[in-house]
Amino acid sequence: RILPSLETAMRFCRGALRGATTLWLVGTVAARPSTALAFVSQRSNPHLLFLGGSRLLPHLRTMSSLSSHRVALCQFCVGEDKEANVEKAFSFIKRAAEQQAKLCVLPEIWNGPYATAAFREYGETLPDVGSNDVSASPSARMLQTCAKQYSMWIVGGSVSEVTSDGKVYNTCLVFNPAGEIVAKHRKLHLFDIDVPGGVTFRESDTLTPGQSLSAFDTGDDLFGSIGIGICYDIRFPEYALLLHKKHRCKLLIYPGAFNLTTGPAHWELLQRARAVDGQCFVLTASPARSPQPDTAGRYPHYTAWGHSTIVAPWGDIVATTGEAEALVVADLDMAKVDEMRQSIPTSLQKRTDVYQLDQP
């Protein structure tokens, strides 16, 4: 197809093209090469032929570097069958690998129901950083296997963790491509809310809050330092700012499960706020929205908002989806982080004589 403008090409691609594609862009696209490349780099294995302006040619070199920074967010339905949930997560990680993602993110509480009464039943014994023995955790064992098999960084969403002293945590494990655990984040801020006419939930009825910042380093040639939070943690800018101050994080990742009350109001808003605060990318992965079952299960049904999303340092949406199952894949232009921090250098303009952000 010969398409007269970038806008026409975008509409055509979104509606008609899948997989390998030859895309001819002519006319006004020559004046907006970076926008064109940002769009087509998100398509699956595009084969591109640009006509209409020599200004595009230098930008072709960016394609390979963008694909080396590909991320995938796994949004899938979660039920009461743990084995089926683990198998579903595996299938989505495999799809991410087939899309050549370098980093894959799972949703919050992906191996069982999101219900306070279910956390202990579905809880597993999880290893700490430095101990890679996952024999006691079928969920962690699957994540480790996938990380090694696909040579991929995996941010393992979260599962409930039961410790030897009987405490229960909402915990995220991160695996590097060698299958080593490089980070372990226990949800710091527990989801205790009571919205009149909306939703009431008290994680503290079962869960214990974590006690530490969580970050890991992928190297300057990949994503740099990445900070981890879980769901409700995203509402606390102090935590995100500490991650930025201490680790200079270029990505913040929040597996989450907002609901139909808080989701439409705050899910995207908070992601964009944290991205602008930290001048970094923000990635969120949610469970897909499961339909209300005809017959009641063992636990109250929780309806997730979905809409797993990637936000750029400027606060714009790079990629997102709706409420159904989906694999959100995008290539991150990591140069945008330094560009933002240099052009608006807020980290160098703090008024520490008036206020300070300190970690105890």
# chains A, B, ... in the order shown; residues from 1 in each chain; ligands from 1
$ residues_around --residues "Ile109 in chain A" --least-positions-apart "3" --cutoff "8 Å" --atoms "only C-alpha atoms" --output "number ranges by chain"
A: 112-114, 157-160, 170
$ write_last_selection --atoms "N, CA, C and O atoms" --output "PDB file, in the first residue's frame"
ATOM      1  N   GLY A 112      -3.161 -16.777  41.938  1.00  0.00           N
ATOM      2  CA  GLY A 112      -4.341 -17.104  42.730  1.00  0.00           C
ATOM      3  C   GLY A 112      -5.255 -15.905  42.856  1.00  0.00           C
ATOM      4  O   GLY A 112      -4.929 -14.805  42.404  1.00  0.00           O
ATOM      5  N   PRO A 113      -6.411 -16.083  43.486  1.00  0.00           N
ATOM      6  CA  PRO A 113      -7.378 -14.986  43.604  1.00  0.00           C
ATOM      7  C   PRO A 113      -6.822 -13.818  44.421  1.00  0.00           C
ATOM      8  O   PRO A 113      -6.074 -14.010  45.392  1.00  0.00           O
ATOM      9  N   TYR A 114      -7.227 -12.618  44.018  1.00  0.00           N
ATOM     10  CA  TYR A 114      -6.866 -11.431  44.795  1.00  0.00           C
ATOM     11  C   TYR A 114      -7.933 -11.256  45.874  1.00  0.00           C
ATOM     12  O   TYR A 114      -8.923 -10.545  45.701  1.00  0.00           O
ATOM     13  N   GLY A 157       5.837 -10.085  38.567  1.00  0.00           N
ATOM     14  CA  GLY A 157       4.574  -9.626  39.127  1.00  0.00           C
ATOM     15  C   GLY A 157       4.616  -9.732  40.635  1.00  0.00           C
ATOM     16  O   GLY A 157       5.559  -9.256  41.269  1.00  0.00           O
ATOM     17  N   SER A 158       3.624 -10.366  41.212  1.00  0.00           N
ATOM     18  CA  SER A 158       3.706 -10.699  42.638  1.00  0.00           C
ATOM     19  C   SER A 158       2.867 -11.925  42.934  1.00  0.00           C
ATOM     20  O   SER A 158       1.893 -12.220  42.235  1.00  0.00           O
ATOM     21  N   VAL A 159       3.298 -12.641  43.964  1.00  0.00           N
ATOM     22  CA  VAL A 159       2.541 -13.756  44.527  1.00  0.00           C
ATOM     23  C   VAL A 159       2.578 -13.599  46.035  1.00  0.00           C
ATOM     24  O   VAL A 159       3.393 -12.856  46.583  1.00  0.00           O
ATOM     25  N   SER A 160       1.695 -14.288  46.728  1.00  0.00           N
ATOM     26  CA  SER A 160       1.730 -14.221  48.182  1.00  0.00           C
ATOM     27  C   SER A 160       2.828 -15.136  48.703  1.00  0.00           C
ATOM     28  O   SER A 160       3.003 -16.264  48.231  1.00  0.00           O
ATOM     29  N   ASN A 170       2.994  -9.736  50.139  1.00  0.00           N
ATOM     30  CA  ASN A 170       2.714  -9.610  48.707  1.00  0.00           C
ATOM     31  C   ASN A 170       4.061  -9.315  48.054  1.00  0.00           C
ATOM     32  O   ASN A 170       4.580  -8.209  48.165  1.00  0.00           O
TER      33      ASN A 170
END
$ residues_around --residues "Val328 in chain A" --least-positions-apart "2" --cutoff "7 Å" --atoms "only C-alpha atoms" --output "PyMOL selection string"
chain A and resi 72-74+319-321+326+330
$ select_by_dssp --residues "range 148-224 of chain A" --states "strand (DSSP E)" --output "PyMOL selection string"
chain A and resi 153-155+159-162+168-175+181-186+192-194+200-202+215-217
$ write_last_selection --atoms "N, CA, C and O atoms" --output "compact mmCIF listing (two decimals), in the first residue's frame"
# COMPACT_ATOMS: atom_id res chain seq x y z
N TRP A 153 15.12 -10.92 31.20
CA TRP A 153 14.85 -10.36 32.53
C TRP A 153 13.36 -10.52 32.79
O TRP A 153 12.53 -10.13 31.95
N ILE A 154 12.99 -11.09 33.94
CA ILE A 154 11.59 -11.28 34.27
C ILE A 154 11.27 -10.63 35.61
O ILE A 154 11.86 -10.98 36.64
N VAL A 155 10.37 -9.65 35.57
CA VAL A 155 9.82 -9.06 36.79
C VAL A 155 8.55 -9.85 37.07
O VAL A 155 7.54 -9.69 36.38
N VAL A 159 3.30 -12.64 43.96
CA VAL A 159 2.54 -13.76 44.53
C VAL A 159 2.58 -13.60 46.04
O VAL A 159 3.39 -12.86 46.58
N SER A 160 1.69 -14.29 46.73
CA SER A 160 1.73 -14.22 48.18
C SER A 160 2.83 -15.14 48.70
O SER A 160 3.00 -16.26 48.23
N GLU A 161 3.58 -14.61 49.66
CA GLU A 161 4.71 -15.32 50.25
C GLU A 161 4.42 -15.60 51.72
O GLU A 161 4.02 -14.70 52.46
N VAL A 162 4.61 -16.85 52.13
CA VAL A 162 4.46 -17.22 53.54
C VAL A 162 5.83 -17.55 54.10
O VAL A 162 6.55 -18.40 53.56
N VAL A 168 2.66 -13.27 56.08
CA VAL A 168 2.30 -13.34 54.67
C VAL A 168 2.61 -11.99 54.03
O VAL A 168 2.23 -10.94 54.54
N TYR A 169 3.30 -12.03 52.89
CA TYR A 169 3.68 -10.82 52.17
C TYR A 169 3.17 -10.90 50.73
O TYR A 169 2.95 -11.98 50.18
N ASN A 170 2.99 -9.74 50.14
CA ASN A 170 2.71 -9.61 48.71
C ASN A 170 4.06 -9.32 48.05
O ASN A 170 4.58 -8.21 48.17
N THR A 171 4.64 -10.30 47.35
CA THR A 171 6.06 -10.26 47.01
C THR A 171 6.32 -10.41 45.52
O THR A 171 5.72 -11.25 44.84
N CYS A 172 7.27 -9.62 45.05
CA CYS A 172 7.74 -9.68 43.66
C CYS A 172 9.17 -10.17 43.62
O CYS A 172 10.04 -9.63 44.32
N LEU A 173 9.44 -11.19 42.81
CA LEU A 173 10.80 -11.66 42.55
C LEU A 173 11.21 -11.22 41.15
O LEU A 173 10.41 -11.24 40.22
N VAL A 174 12.48 -10.84 41.01
CA VAL A 174 13.03 -10.46 39.71
C VAL A 174 14.18 -11.41 39.37
O VAL A 174 15.08 -11.62 40.19
N PHE A 175 14.14 -11.97 38.16
CA PHE A 175 15.17 -12.90 37.69
C PHE A 175 15.93 -12.28 36.53
O PHE A 175 15.34 -11.66 35.64
N ILE A 181 18.10 -14.63 41.13
CA ILE A 181 17.21 -13.65 41.75
C ILE A 181 18.02 -12.40 42.07
O ILE A 181 18.96 -12.44 42.86
N VAL A 182 17.66 -11.28 41.44
CA VAL A 182 18.42 -10.04 41.61
C VAL A 182 17.66 -9.00 42.43
O VAL A 182 18.23 -7.99 42.81
N ALA A 183 16.38 -9.24 42.69
CA ALA A 183 15.61 -8.33 43.54
C ALA A 183 14.42 -9.08 44.13
O ALA A 183 13.90 -10.02 43.53
N LYS A 184 14.04 -8.64 45.32
CA LYS A 184 12.86 -9.20 45.98
C LYS A 184 12.15 -8.03 46.68
O LYS A 184 12.69 -7.44 47.61
N HIS A 185 10.98 -7.70 46.18
CA HIS A 185 10.23 -6.57 46.75
C HIS A 185 8.98 -7.06 47.45
O HIS A 185 8.15 -7.76 46.85
N ARG A 186 8.86 -6.69 48.70
CA ARG A 186 7.63 -6.94 49.45
C ARG A 186 6.84 -5.64 49.50
O ARG A 186 7.37 -4.59 49.88
N ASP A 192 -5.43 -0.71 52.01
CA ASP A 192 -6.51 -0.60 53.00
C ASP A 192 -7.34 0.62 52.64
O ASP A 192 -6.94 1.76 52.92
N ILE A 193 -8.48 0.41 51.99
CA ILE A 193 -9.30 1.54 51.57
C ILE A 193 -10.77 1.24 51.84
O ILE A 193 -11.18 0.09 51.97
N ASP A 194 -11.55 2.31 51.93
CA ASP A 194 -13.00 2.19 52.08
C ASP A 194 -13.63 3.38 51.36
O ASP A 194 -13.74 4.47 51.92
N THR A 200 -14.35 -1.61 49.25
CA THR A 200 -13.70 -1.74 50.56
C THR A 200 -12.76 -2.93 50.51
O THR A 200 -13.15 -4.02 50.06
N PHE A 201 -11.53 -2.73 50.94
CA PHE A 201 -10.55 -3.81 50.91
C PHE A 201 -9.51 -3.52 51.98
O PHE A 201 -9.08 -2.38 52.16
N ARG A 202 -9.07 -4.58 52.69
CA ARG A 202 -8.07 -4.41 53.74
C ARG A 202 -7.02 -5.53 53.63
O ARG A 202 -7.20 -6.62 54.16
N ALA A 215 15.45 -2.31 44.05
CA ALA A 215 15.93 -1.93 42.73
C ALA A 215 16.97 -2.93 42.27
O ALA A 215 17.56 -3.65 43.08
N PHE A 216 17.18 -2.99 40.96
CA PHE A 216 18.21 -3.86 40.39
C PHE A 216 18.78 -3.19 39.16
O PHE A 216 18.16 -2.30 38.57
N ASP A 217 19.96 -3.62 38.75
CA ASP A 217 20.67 -2.97 37.64
C ASP A 217 20.79 -3.92 36.46
O ASP A 217 21.28 -5.04 36.61
$ residues_around --residues "Ala147 in chain A" --least-positions-apart "3" --cutoff "8 Å" --atoms "only C-alpha atoms" --output "list in words"
Leu143, Gln144, Tyr150, Ser151, Met152, Trp153, Ile154, Phe175, Asn176, Pro177, Ala178 and Gly179 of chain A
$ write_last_selection --atoms "C-alpha atoms" --output "CSV table (one decimal), in the first residue's frame"
chain,number,residue,atom,x,y,z
A,143,LEU,CA,9.8,-17.9,36.4
A,144,GLN,CA,13.4,-19.1,36.8
A,150,TYR,CA,14.6,-17.3,27.0
A,151,SER,CA,17.6,-15.4,28.3
A,152,MET,CA,15.2,-12.7,29.6
A,153,TRP,CA,14.8,-10.4,32.5
A,154,ILE,CA,11.6,-11.3,34.3
A,175,PHE,CA,15.2,-12.9,37.7
A,176,ASN,CA,18.0,-12.0,35.4
A,177,PRO,CA,18.7,-14.0,32.1
A,178,ALA,CA,20.9,-16.4,34.1
A,179,GLY,CA,17.9,-17.3,36.3
$ select_by_dssp --residues "range 58-125 of chain A" --states "alpha helix (DSSP H)" --output "JSON, numbers by chain"
{"A": [62, 63, 64, 65, 66, 67, 82, 83, 84, 85, 86, 87, 88, 89, 90, 91, 92, 93, 94, 95, 96, 97, 98, 116, 117, 118, 119, 120, 121, 122]}
$ write_last_selection --atoms "N, CA, C and O atoms" --output "tab-separated table (two decimals), in the first residue's frame"
chain	number	residue	atom	x	y	z
A	62	THR	N	18.42	3.94	14.21
A	62	THR	CA	17.86	3.80	15.55
A	62	THR	C	17.03	2.54	15.71
A	62	THR	O	16.73	2.13	16.82
A	63	MET	N	16.61	1.92	14.61
A	63	MET	CA	15.71	0.78	14.70
A	63	MET	C	16.30	-0.37	15.48
A	63	MET	O	15.66	-0.97	16.34
A	64	SER	N	17.57	-0.71	15.21
A	64	SER	CA	18.17	-1.85	15.91
A	64	SER	C	18.36	-1.56	17.38
A	64	SER	O	18.18	-2.44	18.22
A	65	SER	N	18.70	-0.31	17.74
A	65	SER	CA	18.88	0.01	19.15
A	65	SER	C	17.55	0.01	19.90
A	65	SER	O	17.47	-0.39	21.06
A	66	LEU	N	16.46	0.43	19.21
A	66	LEU	CA	15.17	0.39	19.85
A	66	LEU	C	14.75	-1.04	20.14
A	66	LEU	O	14.26	-1.36	21.22
A	67	SER	N	14.93	-1.95	19.17
A	67	SER	CA	14.50	-3.32	19.38
A	67	SER	C	15.29	-4.02	20.47
A	67	SER	O	14.84	-5.00	21.04
A	82	LYS	N	-4.49	-22.79	40.71
A	82	LYS	CA	-3.11	-22.29	40.69
A	82	LYS	C	-2.31	-22.88	39.54
A	82	LYS	O	-1.58	-22.16	38.84
A	83	GLU	N	-2.45	-24.16	39.31
A	83	GLU	CA	-1.70	-24.81	38.23
A	83	GLU	C	-2.04	-24.19	36.88
A	83	GLU	O	-1.15	-23.95	36.04
A	84	ALA	N	-3.31	-23.90	36.67
A	84	ALA	CA	-3.73	-23.27	35.42
A	84	ALA	C	-3.18	-21.85	35.31
A	84	ALA	O	-2.79	-21.40	34.22
A	85	ASN	N	-3.13	-21.14	36.44
A	85	ASN	CA	-2.57	-19.78	36.44
A	85	ASN	C	-1.09	-19.79	36.08
A	85	ASN	O	-0.62	-18.94	35.31
A	86	VAL	N	-0.35	-20.74	36.64
A	86	VAL	CA	1.08	-20.86	36.34
A	86	VAL	C	1.28	-21.18	34.86
A	86	VAL	O	2.16	-20.62	34.19
A	87	GLU	N	0.45	-22.07	34.34
A	87	GLU	CA	0.55	-22.43	32.93
A	87	GLU	C	0.22	-21.23	32.04
A	87	GLU	O	0.87	-21.01	31.00
A	88	LYS	N	-0.77	-20.43	32.43
A	88	LYS	CA	-1.13	-19.25	31.65
A	88	LYS	C	0.02	-18.24	31.67
A	88	LYS	O	0.36	-17.66	30.62
A	89	ALA	N	0.62	-18.04	32.83
A	89	ALA	CA	1.74	-17.11	32.91
A	89	ALA	C	2.89	-17.58	32.03
A	89	ALA	O	3.52	-16.77	31.31
A	90	PHE	N	3.17	-18.87	32.05
A	90	PHE	CA	4.23	-19.42	31.19
A	90	PHE	C	3.94	-19.14	29.71
A	90	PHE	O	4.84	-18.74	28.97
A	91	SER	N	2.70	-19.32	29.31
A	91	SER	CA	2.36	-19.11	27.89
A	91	SER	C	2.56	-17.66	27.49
A	91	SER	O	2.98	-17.38	26.36
A	92	PHE	N	2.27	-16.72	28.39
A	92	PHE	CA	2.46	-15.32	28.06
A	92	PHE	C	3.94	-14.95	28.02
A	92	PHE	O	4.36	-14.16	27.17
A	93	ILE	N	4.74	-15.50	28.92
A	93	ILE	CA	6.18	-15.25	28.89
A	93	ILE	C	6.77	-15.81	27.59
A	93	ILE	O	7.62	-15.18	26.95
A	94	LYS	N	6.30	-16.97	27.17
A	94	LYS	CA	6.76	-17.55	25.91
A	94	LYS	C	6.42	-16.63	24.74
A	94	LYS	O	7.24	-16.41	23.84
A	95	ARG	N	5.22	-16.08	24.75
A	95	ARG	CA	4.83	-15.15	23.69
A	95	ARG	C	5.73	-13.91	23.71
A	95	ARG	O	6.11	-13.39	22.64
A	96	ALA	N	6.07	-13.43	24.90
A	96	ALA	CA	6.96	-12.27	25.01
A	96	ALA	C	8.33	-12.59	24.41
A	96	ALA	O	8.93	-11.76	23.72
A	97	ALA	N	8.81	-13.80	24.68
A	97	ALA	CA	10.10	-14.22	24.12
A	97	ALA	C	10.02	-14.30	22.60
A	97	ALA	O	10.97	-13.92	21.90
A	98	GLU	N	8.92	-14.79	22.08
A	98	GLU	CA	8.74	-14.87	20.63
A	98	GLU	C	8.72	-13.49	19.99
A	98	GLU	O	9.08	-13.33	18.82
A	116	THR	N	-8.16	-11.42	50.41
A	116	THR	CA	-7.38	-11.53	51.65
A	116	THR	C	-7.44	-12.95	52.21
A	116	THR	O	-6.44	-13.45	52.75
A	117	ALA	N	-8.58	-13.60	52.08
A	117	ALA	CA	-8.72	-14.95	52.62
A	117	ALA	C	-7.93	-15.98	51.83
A	117	ALA	O	-7.67	-17.08	52.32
A	118	ALA	N	-7.55	-15.62	50.60
A	118	ALA	CA	-6.84	-16.58	49.75
A	118	ALA	C	-5.33	-16.46	49.83
A	118	ALA	O	-4.60	-17.38	49.42
A	119	PHE	N	-4.82	-15.34	50.33
A	119	PHE	CA	-3.38	-15.10	50.29
A	119	PHE	C	-2.58	-16.20	50.99
A	119	PHE	O	-1.57	-16.67	50.46
A	120	ARG	N	-3.01	-16.61	52.15
A	120	ARG	CA	-2.24	-17.63	52.87
A	120	ARG	C	-2.33	-18.98	52.17
A	120	ARG	O	-1.33	-19.70	52.05
A	121	GLU	N	-3.51	-19.34	51.67
A	121	GLU	CA	-3.68	-20.63	51.01
A	121	GLU	C	-2.79	-20.75	49.77
A	121	GLU	O	-2.21	-21.79	49.50
A	122	TYR	N	-2.70	-19.67	49.01
A	122	TYR	CA	-1.93	-19.69	47.77
A	122	TYR	C	-0.47	-19.27	47.99
A	122	TYR	O	0.31	-19.23	47.04
$ residues_around --residues "Pro287 in chain A" --least-positions-apart "4" --cutoff "10 Å" --atoms "only C-alpha atoms" --output "PyMOL selection string"
chain A and resi 74-78+106-110+114+157+255-258+303-308+323-326
$ closest_residue --among "A:Asp358, A:Asp277, A:Glu339, A:Asp221" --to "Lys102 in chain A" --atoms "only C-alpha atoms"
A:Asp221
$ closest_residue --among "A:Leu241, A:Ile253, A:Glu180, A:His69" --to "Ser131 in chain A" --atoms "only C-alpha atoms"
A:Glu180
$ closest_residue --among "A:Asp338, A:Asp128, A:Asp316, A:Glu268" --to "Arg248 in chain A" --atoms "only C-alpha atoms"
A:Asp338
$ atom_distance --atom1 "CA of Val311 in chain A" --atom2 "CA of Cys280 in chain A"
8.4 Å
$ closest_residue --among "A:Gln356, A:Thr309, A:Thr208, A:Thr218" --to "Trp267 in chain A" --atoms "only C-alpha atoms"
A:Thr309
$ atom_distance --atom1 "CA of Gly197 in chain A" --atom2 "CA of Arg235 in chain A"
21.0 Å
$ residues_around --residues "Leu269 in chain A" --least-positions-apart "4" --cutoff "12 Å" --atoms "only C-alpha atoms" --output "tab-separated table (two decimals) with N, CA and C atoms, in the first residue's frame"
chain	number	residue	atom	x	y	z
A	234	ILE	N	2.40	2.78	44.15
A	234	ILE	CA	2.48	3.84	43.15
A	234	ILE	C	1.85	5.14	43.64
A	235	ARG	N	1.01	5.07	44.66
A	235	ARG	CA	0.36	6.27	45.19
A	235	ARG	C	1.29	7.11	46.07
A	262	THR	N	-11.11	2.69	41.51
A	262	THR	CA	-9.86	3.46	41.47
A	262	THR	C	-9.22	3.45	40.10
A	263	GLY	N	-9.46	2.41	39.31
A	263	GLY	CA	-8.80	2.28	38.01
A	263	GLY	C	-9.09	3.42	37.05
A	264	PRO	N	-10.37	3.66	36.72
A	264	PRO	CA	-10.65	4.73	35.76
A	264	PRO	C	-10.28	6.11	36.27
A	265	ALA	N	-10.24	6.28	37.57
A	265	ALA	CA	-9.94	7.60	38.14
A	265	ALA	C	-8.44	7.87	38.23
A	273	ALA	N	2.14	10.62	36.56
A	273	ALA	CA	2.73	11.45	37.62
A	273	ALA	C	4.09	10.92	38.05
A	274	ARG	N	4.18	9.59	38.27
A	274	ARG	CA	5.46	9.01	38.70
A	274	ARG	C	6.50	9.13	37.58
A	275	ALA	N	6.07	9.02	36.32
A	275	ALA	CA	7.01	9.16	35.21
A	275	ALA	C	7.58	10.57	35.17
A	276	VAL	N	6.75	11.58	35.35
A	276	VAL	CA	7.22	12.96	35.32
A	276	VAL	C	8.03	13.28	36.56
A	282	VAL	N	7.70	4.43	33.18
A	282	VAL	CA	6.90	3.69	34.16
A	282	VAL	C	6.15	2.59	33.43
A	309	THR	N	0.11	-0.63	31.01
A	309	THR	CA	0.51	0.58	30.30
A	309	THR	C	2.00	0.84	30.43
A	311	VAL	N	4.52	4.26	30.14
A	311	VAL	CA	4.54	5.71	30.08
A	311	VAL	C	5.98	6.19	29.94
A	315	GLY	N	5.70	11.84	30.19
A	315	GLY	CA	4.35	11.62	30.67
A	315	GLY	C	3.38	11.16	29.61
A	316	ASP	N	3.86	10.91	28.39
A	316	ASP	CA	3.00	10.44	27.32
A	316	ASP	C	2.91	8.92	27.32
A	317	ILE	N	1.80	8.40	26.80
A	317	ILE	CA	1.57	6.97	26.76
A	317	ILE	C	2.30	6.36	25.58
$ closest_residue --among "A:Gly79, A:Ser204, A:Cys104, A:Gly198" --to "Pro291 in chain A" --atoms "only C-alpha atoms"
A:Gly79
$ closest_residue --among "A:Gln271, A:Thr284, A:Ser290, A:Gln279" --to "Ser343 in chain A" --atoms "only C-alpha atoms"
A:Gln279
$ residues_around --residues "Leu213 in chain A" --least-positions-apart "5" --cutoff "9 Å" --atoms "only C-alpha atoms" --output "list in words"
His185, Leu188, Gly227, Ile228, Gly229, Tyr239, Leu242 and Leu243 of chain A
$ write_last_selection --atoms "C-alpha atoms" --output "mmCIF file, in the first residue's frame"
data_model
loop_
_atom_site.group_PDB
_atom_site.id
_atom_site.type_symbol
_atom_site.label_atom_id
_atom_site.label_comp_id
_atom_site.auth_asym_id
_atom_site.auth_seq_id
_atom_site.Cartn_x
_atom_site.Cartn_y
_atom_site.Cartn_z
ATOM 1 C CA HIS A 185 10.233 -6.569 46.749
ATOM 2 C CA LEU A 188 5.426 -1.560 51.268
ATOM 3 C CA GLY A 227 12.967 0.263 40.676
ATOM 4 C CA ILE A 228 10.130 -2.015 41.788
ATOM 5 C CA GLY A 229 6.870 -1.234 43.557
ATOM 6 C CA TYR A 239 9.031 6.014 47.492
ATOM 7 C CA LEU A 242 13.852 7.766 46.889
ATOM 8 C CA LEU A 243 14.398 5.124 44.226
#
